[in-house]
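This report refers to the structure that appears directly beneath it.
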Amino acid sequence: MRHKRSIGTEENFWVAYADLMAGLLFVFILLIGAIVLKYVFAQSDLHALQTNLKEQKRVLQLSEEELAARKAEVAQVSDALLRVRAQNVELSFTKAQLEKALQESQMHSQSTEEALLAARAMLAQTAKALEENQASLRLSVEEMDALKKLLLGVEHERDETKEALHVSQRHLRETTNLLEIKDNELALLSKTLLEKTLAHQKLVEDLDIAKARVGNLTGVRIAVIAQLKEKLGNALDVDAASGAIRLPASVLFDRDAYGLKPEAAQTLKKVLLPYFEVLLGDETVREHLDRIIIEGHTDSDGSYMYNLELSQKRASSVMSLIYSWEEVDKEVMQQFLSASGRSYSDRIFANGVENKEASRRIEIKFSISNQKAMQEIETFLKGEY
């Protein structure tokens with residue numbers, strides 16, 4: 001009876017022992033699975049981190065919160081590693097307890113040597129598993145150290161990236177300032193160009209005005225000549241280009257004489273009073289009138305000086321006659337009328353031969369004053385407009 005109870009006790013012991021070993025094996029399997037999962041997760045995170053490192057834009061956009069999250073994950077892995085180490089310690093303690101129980105079993109019975117050998121084999125397997133677990137843990141620690149170094153490298157690269165970003169921002173500010181300076185210079189140049197354009201436009205306008213005023217002189221001359229032709233009618237030819245009228249010397253003077261013939265006074269008065277009326281009676285014409293010239297001309301017979309004196313005296317005789325008329329304003333005549341002798345410097349030729357009869361003549365001509373227009377042109381050319 002006692003022998004059967006001993007056998008039952010031993011059977012219960014081995015059943016409990018087997019259950020314990022099965023439980024320990026299950027725990028070992030779970031532990032190894034957890035370590036493998038952590039390793040896979042660590043490998044996945046490392047691969048993701050390496051992928052992120054290849055993407056420079058994502059590294060630049062990595063925020064402080066994401067980096068803190070990475071550090072938290074590393075801390076969690078470190079905590080898990082510490083927990084695994086604690087479990088390893090517990091397993092070592094369990095191993096010690098099992099060895100102690102084995103020794104106690106050896107003391108209780110020598111008949112269980114085969115079971116003890118099996119237990120030793122199981123313990124050896126457990127020890128081997130523990131060693132593999134420790135090797136895996138050492139590998140995980142090395143990988144964690146590499147991961148920490150990698151994270152430190154990422155932080156260093158991030159700092160360098162921030163520094164490069166600061167440099168780029170500084171360059172951007174400098175470029176912006178330079179662009180602002182260029183914009184200001186461009187605005188100044190545009191303002192200067194606008195001022196030059198307005199000045200050029202005014203210059204063109206003033207030039208057009210000056211041209212118009214100069215051209216107006218020709219228009220005045222043409223208008224005066226037209227009025228003279230209308231006023232004098234067919235009594236005397238008026239030169240279409242200069243507006244001059246010609247009186248033959250033979251009608252006014254005897255040969256080589258400068259005194260007017262008696263009948264010449266009426267002829268001159270009939271011709272010159274309408275002539276003066278056109279030139280001096282219209283304020284618009286008088287405004288542009290420069291002078292009225294009485295010119296005496298001779299042929300080439302005799303010396304130049306003799307003919308110059310004769311032509312001058314003949315012109316003066318005509319001028320004296322005009323001053324004797326009551327119909328003329330002496331002050332106006334003093335302002336505009338003059339007499340000049342030309343000798344034979346302006347003879348008249350026909351077919352290359354001097355026409356002496358036509359060359360001996362008195363010419364009455366006028367000139368339009370261009371002084372005001374010339375002053376405007378001079379002022380314009382000097383840039384004083």
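Ligands are numbered from 1 in the order shown, chains are lettered A, B, ... in the order of the structure tokens, and residues start at 1 in each chain.
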Selection: 9 Å around stretch 259-276 of chain A, only C-alpha atoms, excl. self and same-chain fewer than 5 positions, as JSON, numbers by chain: {"A": [228, 231, 232, 235, 236, 247, 251, 252, 253, 254, 281, 292, 313, 314, 317, 318, 321, 322, 325, 327, 328, 364]}
Could the residues in this selection be saved with N, CA and C atoms as a compact mmCIF listing (two decimals), in the first residue's frame?
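What follows is the written file again.txt:
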```
# COMPACT_ATOMS: atom_id res chain seq x y z
N LEU A 228 -0.19 142.55 -103.22
CA LEU A 228 0.44 143.55 -104.10
C LEU A 228 -0.06 143.38 -105.54
N LYS A 231 -3.53 144.70 -105.67
CA LYS A 231 -3.60 146.15 -105.48
C LYS A 231 -3.10 146.88 -106.72
N LEU A 232 -1.99 146.42 -107.28
CA LEU A 232 -1.40 147.12 -108.42
C LEU A 232 -2.05 146.73 -109.73
N ALA A 235 -0.98 147.51 -113.66
CA ALA A 235 -0.16 148.71 -113.82
C ALA A 235 1.32 148.38 -113.80
N LEU A 236 1.70 147.36 -113.06
CA LEU A 236 3.12 147.04 -112.93
C LEU A 236 3.25 145.58 -112.57
N LEU A 247 11.22 149.57 -111.95
CA LEU A 247 10.91 150.78 -112.73
C LEU A 247 12.11 151.09 -113.63
N VAL A 251 12.60 155.90 -117.61
CA VAL A 251 11.35 156.59 -117.30
C VAL A 251 11.57 157.62 -116.21
N LEU A 252 12.55 157.37 -115.33
CA LEU A 252 12.74 158.22 -114.14
C LEU A 252 13.88 159.23 -114.30
N PHE A 253 14.94 158.87 -115.05
CA PHE A 253 16.14 159.72 -115.10
C PHE A 253 16.61 159.87 -116.54
N ASP A 254 17.33 160.97 -116.75
CA ASP A 254 18.07 161.12 -118.00
C ASP A 254 19.34 160.29 -117.89
N GLY A 281 0.05 149.32 -94.24
CA GLY A 281 -1.31 149.59 -93.77
C GLY A 281 -1.89 148.42 -92.97
N ILE A 292 11.82 148.03 -96.24
CA ILE A 292 11.52 148.28 -97.66
C ILE A 292 12.75 148.94 -98.24
N LYS A 313 22.83 157.62 -105.72
CA LYS A 313 22.17 158.91 -105.82
C LYS A 313 20.77 158.77 -106.39
N ARG A 314 20.61 157.89 -107.38
CA ARG A 314 19.29 157.68 -107.96
C ARG A 314 18.33 157.09 -106.91
N SER A 317 17.39 159.81 -104.54
CA SER A 317 16.43 160.75 -105.14
C SER A 317 15.01 160.22 -105.00
N VAL A 318 14.83 158.93 -105.27
CA VAL A 318 13.50 158.33 -105.11
C VAL A 318 13.05 158.40 -103.66
N LEU A 321 11.95 161.88 -102.71
CA LEU A 321 10.62 162.16 -103.24
C LEU A 321 9.53 161.56 -102.34
N ILE A 322 9.76 160.32 -101.92
CA ILE A 322 8.76 159.66 -101.06
C ILE A 322 8.59 160.43 -99.76
N TRP A 325 6.13 163.37 -99.74
CA TRP A 325 4.70 163.16 -99.88
C TRP A 325 4.01 163.32 -98.52
N GLU A 327 1.10 161.97 -97.90
CA GLU A 327 0.32 160.76 -97.67
C GLU A 327 1.07 159.70 -96.85
N VAL A 328 2.37 159.87 -96.69
CA VAL A 328 3.15 158.84 -95.99
C VAL A 328 3.44 159.30 -94.57
N ILE A 364 12.04 148.35 -106.13
CA ILE A 364 11.47 148.51 -104.80
C ILE A 364 11.14 147.09 -104.30
```
Quick check for you: according to DSSP on this backbone, which residues of stretch 192-322 of chain A are classed as helix (DSSP H, G or I)? Reply as a VMD selection string. chain A and resid 192 to 232 249 to 252 264 to 281 283 to 288 304 to 322
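Across the model, the gap from atom CA of A:Ser343 to atom CA of A:Ser300 is 8.2 Å.
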What does the distance from atom CA of A:Asp290 to atom CA of A:Phe336 come to in Å, to one decimal?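 Spanning atom CA of A:Asp290 to atom CA of A:Phe336 is a straight-line distance of 6.8 Å.
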